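Some notes on the structure that comes next.
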Amino acid sequence: MESEMKTPKPSIWVLLGARAGDNAQAMELGRRLGGPVETRQLAFNTRSNLPNWMTGPGFFGLTSSSAEALVPPWPDIVIGAGRRSAPVNLAIRQRSQGKTLAIHIGRPRMDAARFDMVLTTPQYGLPGGSNVVMLDFPFAVARDVPPQTLAAFDAMWSHFPRPWIVGVIGAAKFPIRFGVRDIEAFAQGLNDLARRMKGSVILMDSPRSLPGAIDLVAAGITVPNWVWTRGHGDNPYQSALRLGDAFAVTSDSVSMVAEMVQTGRPTYVHRLPVSSFVPSWQAQQGLGARLARRGILSPPRSVAAYVERLSVKGWVGDLQSGTPPRLSFVPSDEHDVAVQRILTLWNGRATG
């Protein structure tokens, strides 16, 4: 009897940094590639603050103990996310003599053409290229919620009239502004939405929200409501993603907007103003595109650009005006396509 031929799987390293969001995306991509995944925790020194385009590939931005952990045998694929992992990613590719595929998530802030693939989303304004894949949603999945936790929140909210409108506030992060007037406007928009829908509000803040901000929002809510402040009891956010009937969120967080839209339920975004001191420019063509592609200049990170892309697709509504989403979100295969492109590159290199 002939033995069954097993499809080979790539060995994968995921470079972990300090940001949980970046790490989660890199780990999810590694998981979906299907091969054995090993992690390498990166710790950085002050030299990592130098511009990537100036320093090029190398381990010089790592602490000695972190660099010493990066030794052969090199993986088939290395995945990094965030600016400081990019030189390390390319250095591994170099030291493997080109055997290792270098995959970067986000924007590398160095020559994008040197990576085998860059997976990015609209807020980074990265210009297109043959190896640049623009995604609607980050590589991330909703966290698991224990059934008993989900049941507990369901019971806790059961006496509130449905639909349940889940409202979440973020915080100002330069150049985004989120002052008292913006908080009051969010509260009014959320309250008006709940009144029109004849429902109630499940209100909560986020890790970056300023102390007291959620109280200002709650003061403007007159419909039945339940309020949670970070640090007071179990975090309801993941349960609310599963139980909520509609969502309203401030425009400072790509992850929250993306998570809410992907539930398939109506999502309304309160667009926050941006400081006038930050120049607004695009890098999609001309000199700006050439400089951005090489990482010499990078357009300001624009969450507004991300929200606008989803708005154009009809997947988000506007909280201020009460305009609902034009279309229901339908999951796409964009992540599957990106994974297959990476595997095709690896197969070509492995058999070449």
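In the structure tokens, each chain is lettered A, B, ... as it comes, each chain's residues begin at 1, and ligands are numbered from 1 in order of appearance.
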
Using only C-alpha atoms, tabulate the residues of stretch 22-65 of chain A lying at most 8 Å from any atom of stretch 136-144 of chain A, each with its closest atom pair and that distance in Å to one decimal, by chain and increasing residue number, as JSON lines.
{"residue": "A:Ala24", "atom": "CA", "partner": "A:Ala140", "partner_atom": "CA", "distance": 6.3}
{"residue": "A:Gln25", "atom": "CA", "partner": "A:Phe139", "partner_atom": "CA", "distance": 4.7}
{"residue": "A:Ala26", "atom": "CA", "partner": "A:Phe139", "partner_atom": "CA", "distance": 7.4}
{"residue": "A:Glu28", "atom": "CA", "partner": "A:Ala140", "partner_atom": "CA", "distance": 6.1}
{"residue": "A:Leu29", "atom": "CA", "partner": "A:Phe139", "partner_atom": "CA", "distance": 6.3}

Open item on the list: DSSP on the backbone, alpha helix (DSSP H) only: what residues of stretch 171-282 of chain A does that give? Format it as a PyMOL selection string.
Closed with: chain A and resi 180-197+213-219+237-243+254-261

Counting only C-alpha atoms, what are the residues of stretch 220-313 of chain A within 8 Å of stretch 53-69 of chain A, and for each of them which pair of atoms is the nearest and at what distance in Å, to one decimal? Sort the table by chain and rising number, as a tab-separated table.
residue	atom	partner	partner_atom	distance
A:Arg294	CA	A:Trp53	CA	7.0
A:Gly295	CA	A:Trp53	CA	5.7
A:Ile296	CA	A:Trp53	CA	5.9

- [ ] Determine, counting only C-alpha atoms, which protein, DNA and RNA residues have an atom within 9 Å of an atom of stretch 322-333 of chain A; residues of the same chain fewer than 2 positions away are not included. Present the result as a list in words.
- [x]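 Here the answer would be Gly189, Leu190, Asp192, Leu193, Val261, Gln262, Thr263, Gly264, Arg265, Pro266, Thr267, Tyr268, Ser311, Lys313, Gly314, Trp315, Val316, Gly317, Asp318, Leu319, Gln320, His335, Asp336, Val337 and Ala338 of chain A.
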
Task: Residue set, stretch 7-111 of chain A restricted to strand (DSSP E or B), as a count of residues only - done: 22

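Each of A:Arg230, A:Pro122, A:Ala113, A:Met197 was compared to A:Pro211 using only C-alpha atoms, and A:Arg230 turns out to be the nearest.
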
Task: 10 Å contact set for stretch 9-11 of chain A, only C-alpha atoms, chain neighbours under 6 positions out, as a ChimeraX atom specification - done: /A:30,33-38,74-78,100,343,346-347,350

Could you take the residues named above and write them with C-alpha atoms, as an mmCIF file, in the first residue's frame?
data_model
loop_
_atom_site.group_PDB
_atom_site.id
_atom_site.type_symbol
_atom_site.label_atom_id
_atom_site.label_comp_id
_atom_site.auth_asym_id
_atom_site.auth_seq_id
_atom_site.Cartn_x
_atom_site.Cartn_y
_atom_site.Cartn_z
ATOM 1 C CA GLY A 30 0.882 32.573 11.272
ATOM 2 C CA LEU A 33 -0.588 29.702 7.085
ATOM 3 C CA GLY A 34 -0.928 26.222 8.549
ATOM 4 C CA GLY A 35 2.634 25.337 9.479
ATOM 5 C CA PRO A 36 4.330 25.041 12.868
ATOM 6 C CA VAL A 37 4.570 28.491 14.497
ATOM 7 C CA GLU A 38 7.340 29.594 16.830
ATOM 8 C CA TRP A 74 15.973 29.923 9.856
ATOM 9 C CA PRO A 75 12.216 29.568 9.229
ATOM 10 C CA ASP A 76 10.533 29.364 5.856
ATOM 11 C CA ILE A 77 8.427 32.429 6.683
ATOM 12 C CA VAL A 78 8.986 35.231 9.199
ATOM 13 C CA THR A 100 13.036 32.925 4.352
ATOM 14 C CA LEU A 343 1.865 30.062 0.359
ATOM 15 C CA TRP A 346 6.740 29.880 -0.498
ATOM 16 C CA ASN A 347 5.942 26.895 -2.710
ATOM 17 C CA ALA A 350 10.778 25.794 -2.048
#

Open item on the list: Residues near A:Gln41, anyone? I mean within 8 Å using only C-alpha atoms, not counting same-chain ones fewer than 4 positions away, as a ChimeraX atom specification.
Closed with: /A:15-17,66

Residues from last step as file, N, CA, C and O atoms, as a compact mmCIF listing (two decimals), in the first residue's frame:
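What landed in again-v4.txt:
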# COMPACT_ATOMS: atom_id res chain seq x y z
N LEU A 15 7.46 37.38 15.01
CA LEU A 15 8.23 38.31 15.82
C LEU A 15 7.26 39.12 16.69
O LEU A 15 6.41 39.85 16.17
N LEU A 16 7.39 38.98 17.99
CA LEU A 16 6.48 39.65 18.91
C LEU A 16 7.12 40.91 19.47
O LEU A 16 8.31 40.92 19.83
N GLY A 17 6.35 41.99 19.54
CA GLY A 17 6.82 43.23 20.13
C GLY A 17 6.03 43.57 21.37
O GLY A 17 5.51 42.68 22.06
N SER A 66 17.96 39.47 23.18
CA SER A 66 16.95 39.27 22.15
C SER A 66 17.60 38.87 20.83
O SER A 66 17.13 37.95 20.14

TODO: Please identify all polymer residues within 10 Å of stretch 130-134 of chain A, counting only C-alpha atoms, omitting same-chain residues fewer than 4 positions from it, and present them as an NGL selection string.
DONE: :A and (103-107 or 112-122 or 125-126 or 138 or 293 or 334 or 337-338 or 341)

Open item on the list: I need the residue nearest A:Leu50 from this list: A:Val180, A:Val227, A:Val71, A:Met110. Use only C-alpha atoms for the distance.
Closed with: A:Met110

Task: One-decimal distance in Å that lies between atom CA of A:Arg40 and atom CA of A:Gln97 - done: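 Interatomic distance, atom CA of A:Gln97 to atom CA of A:Arg40: 19.8 Å.
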